[in-house]
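Structure, as structure tokens:
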Amino acid sequence: THGKWDLHLKGAGTTPYSRFGDGRAVLRSSIREFLASEAMAGLNIPTTRALCVIGSSTPVQRETMESGATLVRLAHCHIRFGHFEFFHYTGQPDAVRLLADYVIEQHFPDAAALQGVDRYAAFLQQVVERTARMIAHWQTAGFAHGVMNTDNMSIIGDTFDFGPYGFLDDFAPGFICNHSDHSGRYAFNQQPGIGLWNLNALAHALSSLIPDNFLRESLSRYQPAFVNEFHLQMRNKLGLSTTHDSDAALFSSLLQLLATNHLDYTTFFRSLSHFSMSEKYCTLRDACVDRDSFDQWFSNYKSRLAIEHCDEKKRQQTMLASNPKYILRNYLAQEAIEAAKQRDFSKISHLMAVLQTPFDEHDKF
């Protein structure tokens, strides 16, 4: 029912493509990827999945000596932008074509029905649009990937390779989750632009198959695809079923409000989901230092809701289905890792219970 899956052992040893690493993984990072993969799936964000983590007695040297482990990762496709770059920059255009044809036949049926240049141009266009939508999901979920190089970009638009990722607590647009990213290249608010940068790199790697004018046309689809998906997700988070010219300003002013007042991103939207127009006072105001700004935004929001003519209960249901109660906060992941080092996996089980259905209440948690 879920199509074909590739299985990959992450941390099982060196491969012909290893650079200077030992090809190993540690328990800490394996658990983090295991949890993140399932958390993203629970949030309905395109992602690779994690089948299991296998412990090891092999010691692995990182900043300290750690326990080794292997992650069994599942994906509909493990091919990344970097594979095409490898063949392009090593002067193997026939391999670029062969790889493109394989990916198209396996994962892009609309492009597979076409011939010649149109086939490859349609393929790139769909990669552009899938990537844009995936990153729009990241931004509206408050997810920072941390290492968005082309080798971590899935050709089918899945979230791939969880390293130093992080979900936002307080809304901080410039949040950097990778301690080695000194310039902030992969900061949270840089992700949409880096996505386009990576697609430009992919387009260059496909230049032996696609003329420049088609490359530019495909890349031009990125921004509208991103904006459309971002606005759709934000409307769902705010319970808006129609579009309006004022929506972009409403979203922008809300994000500014969250940033200025250091509000918890997930908690704010979840609490807002319970708001009723009959209430005279919104308790979210109490969390703001700049309450005048909150009052102004909230007045605009209520005015926007008033033109929806939507049943309030239905609106709340939409919002509760779009705003998770639970996300994978770093301290929770770390608690689970520390317990697992002592062979106590109960915290992982508890996290998995809520992360796989994060929109449910789960009262016992």
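Letters A, B, ... go to the chains of the structure tokens in the order shown; residues in each chain start at 1; ligands are counted from 1 in the same order.
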Among the residues of region 63-217 of chain A, find those DSSP assigns to alpha helix (DSSP H) from the backbone and print them as a VMD selection string. chain A and resid 81 to 89 93 to 107 109 to 112 116 to 141 191 to 205 212 to 217
Give me the residues near Gln316 (chain A) as a list in words, where near means some atom within 7 Å (using only C-alpha atoms) and where sequence neighbours in that chain fewer than 5 positions away do not count.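 After dropping sequence-adjacent residues, the list is Gly239, Ser273 and His274 of chain A.
Separating CA of His107 (chain A) from CA of Ile156 (chain A) is a distance of 7.3 Å.
You can rank A:Tyr89, A:Phe84, A:Phe34, A:Phe160 by their closest distance to Tyr102 (chain A) using only C-alpha atoms, and at the top of that list sits A:Phe84.
Within the 12 Å cut-off around Thr150 (chain A), using only C-alpha atoms and omitting residues fewer than 3 positions from it on the same chain, the listed residues are A:Ile79, A:Arg80, A:Phe81, A:Gly82, A:His83, A:Phe84, A:Glu85, A:Phe86, A:Thr131, A:Val147, A:Met153, A:Ser154, A:Ile155, A:Phe160, A:Asp161, A:Ile194, A:Gly195, A:Leu196, A:Trp197, A:Asn198, A:Leu199, A:Asn200, A:Ala201, A:Leu202, A:Ala203, A:Ala205.
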Using only C-alpha atoms, determine which residues lie at most 12 Å from Ala333 (chain A), disregarding the query and same-chain residues fewer than 3 positions distant; provide the list as a count of residues only. 30
Near Leu272 (chain A), within 9 Å and counting only C-alpha atoms, which residues show up once chain neighbours fewer than 4 positions away are dropped, as a PyMOL selection string? chain A and resi 238+267-268+276+282+284+316+319
Please, what distance in Å, to one decimal, runs between CA of Gly3 (chain A) and CA of Ala75 (chain A)?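 About the pair CA of Gly3 (chain A) and CA of Ala75 (chain A): they are 10.3 Å apart.
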Using CA of His137 (chain A) and CA of Glu229 (chain A) as the two end points, give the distance in Å to one decimal.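 So the answer is 7.5 Å.
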Looking at A:Asp101, A:Val53, A:Ser346, A:Phe298, which one is nearest to Leu114 (chain A), with distances taken over only C-alpha atoms? A:Asp101
Neighbour list for region 122-124 of chain A as a list in words, cut-off 7 Å, only C-alpha atoms, skip fewer than 3 positions in-chain: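 Skipping anything fewer than 3 positions along the chain leaves Ile104, Phe108, Ala111, Asp118, Arg119, Val127, Val128 and Ser218 of chain A.
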May I have the selected residues written with N, CA and C atoms, as a short mmCIF file (atom, residue, chain, number, x, y, z; two decimals), in the first residue's frame?
```cif
data_model
loop_
_atom_site.label_atom_id
_atom_site.label_comp_id
_atom_site.auth_asym_id
_atom_site.auth_seq_id
_atom_site.Cartn_x
_atom_site.Cartn_y
_atom_site.Cartn_z
N ILE A 104 13.12 9.32 -13.12
CA ILE A 104 11.87 9.70 -13.79
C ILE A 104 10.94 8.50 -13.89
N PHE A 108 8.45 9.90 -11.24
CA PHE A 108 7.85 11.06 -11.88
C PHE A 108 7.07 10.62 -13.12
N ALA A 111 6.38 13.14 -16.05
CA ALA A 111 7.54 13.38 -16.91
C ALA A 111 7.87 12.16 -17.76
N ASP A 118 11.57 17.86 -23.22
CA ASP A 118 10.38 18.07 -22.40
C ASP A 118 10.35 17.13 -21.20
N ARG A 119 10.85 15.92 -21.40
CA ARG A 119 10.87 14.92 -20.32
C ARG A 119 11.73 15.41 -19.16
N VAL A 127 10.74 18.60 -9.44
CA VAL A 127 11.67 18.59 -8.31
C VAL A 127 11.67 19.96 -7.63
N VAL A 128 11.68 21.02 -8.44
CA VAL A 128 11.65 22.38 -7.91
C VAL A 128 10.40 22.59 -7.06
N SER A 218 12.09 26.40 -15.22
CA SER A 218 11.83 25.47 -14.11
C SER A 218 12.13 26.13 -12.77
#
```
